[in-house]
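Coordinates from data.pdb are shown below (PDB, C-alpha atoms and all ligand atoms).
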ATOM      1  CA  MET A1135     -82.850 -93.545  28.750  1.00  0.00           C
ATOM      2  CA  ALA A1136     -83.635 -94.093  32.375  1.00  0.00           C
ATOM      3  CA  VAL A1137     -83.106 -92.438  35.725  1.00  0.00           C
ATOM      4  CA  LEU A1138     -81.456 -95.039  37.949  1.00  0.00           C
ATOM      5  CA  PRO A1139     -81.800 -95.298  41.746  1.00  0.00           C
ATOM      6  CA  ILE A1140     -78.794 -93.906  43.632  1.00  0.00           C
ATOM      7  CA  ALA A1141     -77.530 -95.957  46.585  1.00  0.00           C
ATOM      8  CA  THR A1142     -76.949 -94.137  49.861  1.00  0.00           C
ATOM      9  CA  VAL A1143     -74.338 -94.522  52.591  1.00  0.00           C
ATOM     10  CA  GLY A1144     -74.720 -97.812  54.391  1.00  0.00           C
ATOM     11  CA  HIS A1145     -75.416 -99.721  51.185  1.00  0.00           C
ATOM     12  CA  PRO A1146     -72.693-102.399  51.217  1.00  0.00           C
ATOM     13  CA  GLU A1147     -72.179-102.225  47.448  1.00  0.00           C
ATOM     14  CA  LEU A1148     -70.908 -98.639  47.702  1.00  0.00           C
ATOM     15  CA  ARG A1149     -67.778-100.276  49.171  1.00  0.00           C
ATOM     16  CA  ILE A1150     -67.060-102.505  46.179  1.00  0.00           C
ATOM     17  CA  VAL A1151     -63.936-101.657  44.169  1.00  0.00           C
ATOM     18  CA  ALA A1152     -65.100-101.344  40.562  1.00  0.00           C
ATOM     19  CA  LYS A1153     -63.545-103.419  37.784  1.00  0.00           C
ATOM     20  CA  GLU A1154     -61.692-102.041  34.777  1.00  0.00           C
ATOM     21  CA  VAL A1155     -63.719-101.840  31.582  1.00  0.00           C
ATOM     22  CA  THR A1156     -62.417-103.662  28.518  1.00  0.00           C
ATOM     23  CA  ARG A1157     -62.552-102.062  25.073  1.00  0.00           C
ATOM     24  CA  GLU A1158     -65.072-104.714  24.010  1.00  0.00           C
ATOM     25  CA  GLU A1159     -67.331-103.963  26.973  1.00  0.00           C
ATOM     26  CA  LEU A1160     -67.110-100.232  26.363  1.00  0.00           C
ATOM     27  CA  ALA A1161     -68.073-100.648  22.713  1.00  0.00           C
ATOM     28  CA  SER A1162     -71.154-102.705  23.566  1.00  0.00           C
ATOM     29  CA  ALA A1163     -74.625-101.222  23.127  1.00  0.00           C
ATOM     30  CA  GLU A1164     -75.391-102.209  26.696  1.00  0.00           C
ATOM     31  CA  VAL A1165     -72.536-100.211  28.249  1.00  0.00           C
ATOM     32  CA  GLN A1166     -73.219 -97.255  25.941  1.00  0.00           C
ATOM     33  CA  GLN A1167     -76.837 -97.333  27.104  1.00  0.00           C
ATOM     34  CA  PHE A1168     -75.644 -97.459  30.693  1.00  0.00           C
ATOM     35  CA  ILE A1169     -73.490 -94.352  30.162  1.00  0.00           C
ATOM     36  CA  ASP A1170     -76.536 -92.503  28.782  1.00  0.00           C
ATOM     37  CA  ASP A1171     -78.491 -93.567  31.878  1.00  0.00           C
ATOM     38  CA  LEU A1172     -75.649 -92.481  34.180  1.00  0.00           C
ATOM     39  CA  VAL A1173     -75.662 -89.003  32.619  1.00  0.00           C
ATOM     40  CA  GLU A1174     -79.428 -88.744  32.792  1.00  0.00           C
ATOM     41  CA  THR A1175     -79.399 -89.819  36.442  1.00  0.00           C
ATOM     42  CA  MET A1176     -76.664 -87.288  37.304  1.00  0.00           C
ATOM     43  CA  ARG A1177     -78.598 -84.473  35.633  1.00  0.00           C
ATOM     44  CA  HIS A1178     -81.897 -85.509  37.202  1.00  0.00           C
ATOM     45  CA  ALA A1179     -80.320 -85.373  40.687  1.00  0.00           C
ATOM     46  CA  ASN A1180     -78.401 -82.119  39.985  1.00  0.00           C
ATOM     47  CA  GLY A1181     -75.117 -83.896  40.662  1.00  0.00           C
ATOM     48  CA  ALA A1182     -71.751 -82.413  39.674  1.00  0.00           C
ATOM     49  CA  GLY A1183     -70.676 -85.979  39.021  1.00  0.00           C
ATOM     50  CA  LEU A1184     -71.868 -89.542  39.364  1.00  0.00           C
ATOM     51  CA  ALA A1185     -69.905 -92.772  39.502  1.00  0.00           C
ATOM     52  CA  ALA A1186     -71.199 -96.135  38.271  1.00  0.00           C
ATOM     53  CA  THR A1187     -70.700 -97.504  41.787  1.00  0.00           C
ATOM     54  CA  GLN A1188     -73.433 -95.183  43.065  1.00  0.00           C
ATOM     55  CA  VAL A1189     -75.981 -96.823  40.796  1.00  0.00           C
ATOM     56  CA  LEU A1190     -74.602-100.247  41.738  1.00  0.00           C
ATOM     57  CA  ARG A1191     -72.740-101.028  38.590  1.00  0.00           C
ATOM     58  CA  HIS A1192     -69.188-102.010  39.421  1.00  0.00           C
ATOM     59  CA  GLN A1193     -67.279-100.860  36.384  1.00  0.00           C
ATOM     60  CA  ARG A1194     -64.781 -97.987  36.363  1.00  0.00           C
ATOM     61  CA  ILE A1195     -66.959 -95.358  34.709  1.00  0.00           C
ATOM     62  CA  CYS A1196     -67.953 -91.937  36.001  1.00  0.00           C
ATOM     63  CA  ALA A1197     -69.564 -88.793  34.643  1.00  0.00           C
ATOM     64  CA  ILE A1198     -68.748 -85.186  35.559  1.00  0.00           C
ATOM     65  CA  GLU A1199     -70.641 -82.097  34.464  1.00  0.00           C
ATOM     66  CA  VAL A1200     -71.128 -78.672  36.025  1.00  0.00           C
ATOM     67  CA  ASP A1201     -73.386 -76.128  34.379  1.00  0.00           C
ATOM     68  CA  ASN A1202     -75.069 -73.630  36.717  1.00  0.00           C
ATOM     69  CA  ASN A1203     -75.424 -76.360  39.311  1.00  0.00           C
ATOM     70  CA  PRO A1204     -77.986 -75.391  41.983  1.00  0.00           C
ATOM     71  CA  ARG A1205     -76.252 -77.606  44.579  1.00  0.00           C
ATOM     72  CA  TYR A1206     -72.861 -75.989  43.927  1.00  0.00           C
ATOM     73  CA  PRO A1207     -73.451 -72.549  42.353  1.00  0.00           C
ATOM     74  CA  TYR A1208     -69.803 -71.509  42.988  1.00  0.00           C
ATOM     75  CA  LYS A1209     -68.331 -74.382  40.949  1.00  0.00           C
ATOM     76  CA  PRO A1210     -66.839 -73.405  37.588  1.00  0.00           C
ATOM     77  CA  ARG A1211     -68.424 -74.875  34.499  1.00  0.00           C
ATOM     78  CA  VAL A1212     -67.219 -78.314  33.402  1.00  0.00           C
ATOM     79  CA  PRO A1213     -68.471 -79.710  30.089  1.00  0.00           C
ATOM     80  CA  LEU A1214     -69.908 -83.225  30.194  1.00  0.00           C
ATOM     81  CA  THR A1215     -66.975 -85.583  30.693  1.00  0.00           C
ATOM     82  CA  ILE A1216     -67.129 -89.376  30.810  1.00  0.00           C
ATOM     83  CA  LEU A1217     -64.113 -91.034  32.392  1.00  0.00           C
ATOM     84  CA  VAL A1218     -63.530 -94.735  31.790  1.00  0.00           C
ATOM     85  CA  ASN A1219     -60.765 -96.465  33.785  1.00  0.00           C
ATOM     86  CA  PRO A1220     -59.519 -93.130  35.154  1.00  0.00           C
ATOM     87  CA  VAL A1221     -56.113 -92.947  36.828  1.00  0.00           C
ATOM     88  CA  LEU A1222     -55.360 -89.783  38.791  1.00  0.00           C
ATOM     89  CA  THR A1223     -51.846 -88.740  39.777  1.00  0.00           C
ATOM     90  CA  PRO A1224     -51.314 -85.781  42.126  1.00  0.00           C
ATOM     91  CA  LEU A1225     -48.971 -83.150  40.674  1.00  0.00           C
ATOM     92  CA  ASN A1226     -48.267 -81.235  43.857  1.00  0.00           C
ATOM     93  CA  ASP A1227     -48.652 -81.264  47.604  1.00  0.00           C
ATOM     94  CA  ASP A1228     -50.890 -78.244  47.623  1.00  0.00           C
ATOM     95  CA  PHE A1229     -54.230 -79.128  49.188  1.00  0.00           C
ATOM     96  CA  PHE A1230     -57.602 -77.441  49.300  1.00  0.00           C
ATOM     97  CA  ALA A1231     -59.967 -78.067  52.207  1.00  0.00           C
ATOM     98  CA  ASN A1232     -63.088 -78.734  50.151  1.00  0.00           C
ATOM     99  CA  MET A1233     -66.572 -78.823  51.656  1.00  0.00           C
ATOM    100  CA  GLU A1234     -67.992 -81.818  49.834  1.00  0.00           C
ATOM    101  CA  GLY A1235     -71.423 -83.235  49.419  1.00  0.00           C
ATOM    102  CA  CYS A1236     -72.514 -86.414  47.671  1.00  0.00           C
ATOM    103  CA  LEU A1237     -75.718 -87.800  46.207  1.00  0.00           C
ATOM    104  CA  SER A1238     -74.992 -90.981  48.165  1.00  0.00           C
ATOM    105  CA  VAL A1239     -74.715 -89.028  51.426  1.00  0.00           C
ATOM    106  CA  PRO A1240     -77.943 -87.029  51.387  1.00  0.00           C
ATOM    107  CA  GLY A1241     -78.143 -83.905  53.490  1.00  0.00           C
ATOM    108  CA  ILE A1242     -74.549 -83.828  54.782  1.00  0.00           C
ATOM    109  CA  ARG A1243     -71.406 -81.975  53.806  1.00  0.00           C
ATOM    110  CA  GLY A1244     -67.926 -82.203  55.307  1.00  0.00           C
ATOM    111  CA  GLU A1245     -64.378 -80.999  54.766  1.00  0.00           C
ATOM    112  CA  VAL A1246     -61.968 -83.140  52.739  1.00  0.00           C
ATOM    113  CA  LYS A1247     -58.397 -82.278  51.732  1.00  0.00           C
ATOM    114  CA  ARG A1248     -57.923 -82.588  47.979  1.00  0.00           C
ATOM    115  CA  HIS A1249     -54.953 -82.052  45.701  1.00  0.00           C
ATOM    116  CA  THR A1250     -55.282 -78.860  43.663  1.00  0.00           C
ATOM    117  CA  ARG A1251     -53.422 -80.203  40.593  1.00  0.00           C
ATOM    118  CA  ILE A1252     -53.787 -83.699  39.221  1.00  0.00           C
ATOM    119  CA  HIS A1253     -52.905 -85.542  36.055  1.00  0.00           C
ATOM    120  CA  VAL A1254     -55.765 -87.603  34.658  1.00  0.00           C
ATOM    121  CA  LYS A1255     -55.419 -90.512  32.282  1.00  0.00           C
ATOM    122  CA  ALA A1256     -58.594 -92.253  31.104  1.00  0.00           C
ATOM    123  CA  TRP A1257     -60.658 -93.197  28.087  1.00  0.00           C
ATOM    124  CA  ASP A1258     -63.666 -91.263  26.950  1.00  0.00           C
ATOM    125  CA  ARG A1259     -66.883 -93.172  26.215  1.00  0.00           C
ATOM    126  CA  HIS A1260     -65.590 -94.092  22.766  1.00  0.00           C
ATOM    127  CA  GLY A1261     -62.285 -95.452  24.045  1.00  0.00           C
ATOM    128  CA  ASN A1262     -60.262 -92.422  22.983  1.00  0.00           C
ATOM    129  CA  ASP A1263     -57.408 -91.429  25.287  1.00  0.00           C
ATOM    130  CA  ILE A1264     -57.951 -88.588  27.695  1.00  0.00           C
ATOM    131  CA  GLU A1265     -54.771 -87.244  29.167  1.00  0.00           C
ATOM    132  CA  HIS A1266     -54.534 -83.850  30.758  1.00  0.00           C
ATOM    133  CA  GLU A1267     -54.001 -81.807  33.858  1.00  0.00           C
ATOM    134  CA  ILE A1268     -56.964 -80.745  35.978  1.00  0.00           C
ATOM    135  CA  ARG A1269     -56.714 -78.004  38.569  1.00  0.00           C
ATOM    136  CA  GLY A1270     -58.591 -76.239  41.285  1.00  0.00           C
ATOM    137  CA  LEU A1271     -62.124 -77.049  42.330  1.00  0.00           C
ATOM    138  CA  THR A1272     -62.591 -79.258  39.277  1.00  0.00           C
ATOM    139  CA  ALA A1273     -59.648 -81.393  40.447  1.00  0.00           C
ATOM    140  CA  CYS A1274     -61.530 -81.887  43.737  1.00  0.00           C
ATOM    141  CA  THR A1275     -64.596 -83.122  41.839  1.00  0.00           C
ATOM    142  CA  TYR A1276     -62.477 -85.598  39.849  1.00  0.00           C
ATOM    143  CA  GLN A1277     -60.920 -86.994  43.038  1.00  0.00           C
ATOM    144  CA  HIS A1278     -64.343 -87.373  44.677  1.00  0.00           C
ATOM    145  CA  GLU A1279     -65.751 -89.337  41.723  1.00  0.00           C
ATOM    146  CA  VAL A1280     -62.753 -91.631  41.307  1.00  0.00           C
ATOM    147  CA  ASP A1281     -62.873 -92.389  45.045  1.00  0.00           C
ATOM    148  CA  HIS A1282     -66.345 -93.871  44.487  1.00  0.00           C
ATOM    149  CA  LEU A1283     -64.855 -96.349  42.008  1.00  0.00           C
ATOM    150  CA  ASP A1284     -62.512 -97.468  44.801  1.00  0.00           C
ATOM    151  CA  GLY A1285     -65.402 -97.988  47.209  1.00  0.00           C
ATOM    152  CA  LEU A1286     -64.669 -94.779  49.124  1.00  0.00           C
ATOM    153  CA  LEU A1287     -67.029 -92.028  50.251  1.00  0.00           C
ATOM    154  CA  PHE A1288     -65.996 -88.485  51.146  1.00  0.00           C
ATOM    155  CA  LEU A1289     -67.009 -89.317  54.723  1.00  0.00           C
ATOM    156  CA  ASP A1290     -64.011 -91.678  54.910  1.00  0.00           C
ATOM    157  CA  LYS A1291     -61.680 -88.729  54.270  1.00  0.00           C
ATOM    158  CA  VAL A1292     -63.203 -86.168  56.604  1.00  0.00           C
ATOM    159  CA  VAL A1293     -60.271 -85.637  58.967  1.00  0.00           C
ATOM    160  CA  ASP A1294     -62.152 -83.401  61.394  1.00  0.00           C
ATOM    161  CA  PRO A1295     -65.699 -84.662  62.071  1.00  0.00           C
ATOM    162  CA  SER A1296     -66.581 -81.284  63.566  1.00  0.00           C
ATOM    163  CA  THR A1297     -66.704 -79.979  59.968  1.00  0.00           C
ATOM    164  CA  LEU A1298     -69.723 -82.193  59.214  1.00  0.00           C
ATOM    165  CA  THR A1299     -72.794 -80.090  58.594  1.00  0.00           C
ATOM    166  CA  THR A1300     -76.264 -80.371  57.162  1.00  0.00           C
ATOM    167  CA  TRP A1301     -76.833 -78.387  53.988  1.00  0.00           C
ATOM    168  CA  ASP A1302     -79.081 -76.020  55.945  1.00  0.00           C
ATOM    169  CA  SER A1303     -76.397 -75.360  58.555  1.00  0.00           C
ATOM    170  CA  PHE A1304     -73.794 -75.041  55.822  1.00  0.00           C
ATOM    171  CA  ASN A1305     -75.853 -72.343  54.146  1.00  0.00           C
ATOM    172  CA  GLN A1306     -76.476 -70.599  57.440  1.00  0.00           C
ATOM    173  CA  PHE A1307     -73.021 -70.742  59.048  1.00  0.00           C
ATOM    174  CA  HIS A1308     -70.310 -71.796  56.592  1.00  0.00           C
ATOM    175  CA  HIS A1309     -71.376 -70.812  53.092  1.00  0.00           C
ATOM    176  CA  ASP A1310     -69.895 -67.332  52.855  1.00  0.00           C
ATOM    177  CA  ALA A1311     -66.438 -68.146  54.221  1.00  0.00           C
ATOM    178  CA  PHE A1312     -66.209 -71.315  52.133  1.00  0.00           C
ATOM    179  CA  VAL A1313     -67.318 -69.680  48.900  1.00  0.00           C
ATOM    180  CA  GLU A1314     -64.722 -66.963  49.431  1.00  0.00           C
ATOM    181  CA  ARG A1315     -61.997 -69.628  49.720  1.00  0.00           C
ATOM    182  CA  ALA A1316     -63.408 -71.545  46.752  1.00  0.00           C
ATOM    183  CA  LYS A1317     -63.427 -68.434  44.575  1.00  0.00           C
ATOM    184  CA  ALA A1318     -59.806 -67.708  45.509  1.00  0.00           C
ATOM    185  CA  LEU A1319     -58.870 -71.251  44.465  1.00  0.00           C
ATOM    186  CA  VAL A1320     -60.704 -70.886  41.159  1.00  0.00           C
ATOM    187  CA  ALA A1321     -59.069 -67.499  40.566  1.00  0.00           C
ATOM    188  CA  LYS A1322     -55.625 -69.046  41.155  1.00  0.00           C
ATOM    189  CA  HIS A1323     -56.130 -72.103  38.941  1.00  0.00           C
ATOM    190  CA  GLY A1324     -58.719 -70.931  36.414  1.00  0.00           C
ATOM    191  CA  SER A1325     -60.979 -73.881  37.240  1.00  0.00           C
TER
HETATM  192 NI    NI B   1     -70.300 -88.671  45.557  1.00  0.00          NI
END

Using structure tokens, write down the structure that the file contains.
Ligand code: NI
Amino acid sequence: MAVLPIATVGHPELRIVAKEVTREELASAEVQQFIDDLVETMRHANGAGLAATQVLRHQRICAIEVDNNPRYPYKPRVPLTILVNPVLTPLNDDFFANMEGCLSVPGIRGEVKRHTRIHVKAWDRHGNDIEHEIRGLTACTYQHEVDHLDGLLFLDKVVDPSTLTTWDSFNQFHHDAFVERAKALVAKHGS
């Protein structure tokens, strides 16, 4: 396994729309190795998720995992999930103003409106169907990762640039109020 370099904002390839993965590609030793590397890279960087696009591989694959994450200690636990060719469908018009960060946008967080209930359809790393509803803060994480596969960064969706903040300023001025809102969301949706 290998820790891969993560591209940062300004890298033109972060804007590439990733291609769908075929069953043959997914079954290959090479893609399976890549998925192992993606997970290792996500864990090494303490990410809550990592999309293939961020390590400059333009296939629709992303990893999500939250387990006592030091970057996002308020996020509920999410077991390791690999999404291949994910399709997200919003299930409501209820939004949460999420303060997002990204391994490809070092040092900055900003507020993005995310749907609080989504339907996800994807394959797992073995090509088995994943189909379920995801809610709450975890739904925000899913939307962030799938955006990467479409060449989008959270910065593109920050409606009010005055919400942009360094992590230090976030911790100093915005942390407590945000975590209170985040906990209320998690309490409502159970995730
Ligand atoms: Ni990101």

Local residues around (-55.3, -93.4, 35.5), at most 7 Å away, using all atoms listed in the file, as a PyMOL selection string: chain A and resi 1219-1222+1254-1256

Near-Ala1161 (chain A) list (12 Å; only C-alpha atoms; drop same-chain fewer than 2 positions) as JSON, numbers by chain: {"A": [1155, 1156, 1157, 1158, 1159, 1163, 1164, 1165, 1166, 1167, 1168, 1169, 1218, 1257, 1258, 1259, 1260, 1261, 1262]}

Phe1230 (chain A) surroundings by all atoms listed in the file, 8 Å radius, close-in-sequence under 2 positions cut, as a list in words: Asp1228, Asn1232, Val1246, Lys1247, Arg1248, His1249, Thr1250 and Leu1319 of chain A

Selected residues written out, C-alpha atoms, as a PDB file, in the frame of the given file:
ATOM      1  CA  ASP A1228     -50.890 -78.244  47.623  1.00  0.00           C
ATOM      2  CA  ASN A1232     -63.088 -78.734  50.151  1.00  0.00           C
ATOM      3  CA  VAL A1246     -61.968 -83.140  52.739  1.00  0.00           C
ATOM      4  CA  LYS A1247     -58.397 -82.278  51.732  1.00  0.00           C
ATOM      5  CA  ARG A1248     -57.923 -82.588  47.979  1.00  0.00           C
ATOM      6  CA  HIS A1249     -54.953 -82.052  45.701  1.00  0.00           C
ATOM      7  CA  THR A1250     -55.282 -78.860  43.663  1.00  0.00           C
ATOM      8  CA  LEU A1319     -58.870 -71.251  44.465  1.00  0.00           C
TER       9      LEU A1319
END

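For the atom pair formed by CA of Ser1296 (chain A) and CA of Gly1244 (chain A), the distance is 8.4 Å, given to one decimal.
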
Would you mind listing, for every residue of chain A within 7 Å of ligand NI 1 (chain B), the two atoms forming the shortest contact and the distance between them in Å to one decimal, using all atoms listed in the file, sorted by chain and ascending residue number, as a tab-separated table?
residue	atom	partner	partner_atom	distance
A:Leu1184	CA	B:NI1	NI	6.4
A:Gly1235	CA	B:NI1	NI	6.8
A:Cys1236	CA	B:NI1	NI	3.8
A:Leu1237	CA	B:NI1	NI	5.5
A:Ser1238	CA	B:NI1	NI	5.8
A:His1278	CA	B:NI1	NI	6.2
A:Glu1279	CA	B:NI1	NI	6.0
A:His1282	CA	B:NI1	NI	6.6
A:Leu1287	CA	B:NI1	NI	6.6

Selection under test: the PyMOL selection byres (((chain A and resi 1143) around 12) and not hetatm); residues as a ChimeraX atom specification: /A:1140-1142,1144-1149,1187-1188,1236-1242,1282,1285-1290

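With CA of Gly1181 (chain A) on one side and CA of Pro1224 (chain A) on the other, the separation reads 23.9 Å.
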
Result set of the PyMOL selection byres (((chain A and resi 1210) around 8) and not hetatm) on the coordinates above, as a count of residues only: 10

Residues within 6 Å of (-57.7, -76.7, 38.2), counting all atoms listed in the file, listed as a PyMOL selection string: chain A and resi 1268-1270+1272-1273+1323+1325

For Tyr1276 (chain A), the nearest of the candidates A:Leu1172, A:Ala1182, A:Leu1190, A:Val1151, counting all atoms listed in the file: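 Closest candidate: A:Ala1182.
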
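Taking CA of Thr1300 (chain A) and CA of Ala1185 (chain A) as endpoints, the distance between them is 22.5 Å.
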
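The shortest atom-to-atom distance to Arg1194 (chain A), with all atoms listed in the file taken into account, belongs to A:Glu1154 out of A:Glu1154, A:Ile1216, A:Asp1310, A:Met1176.
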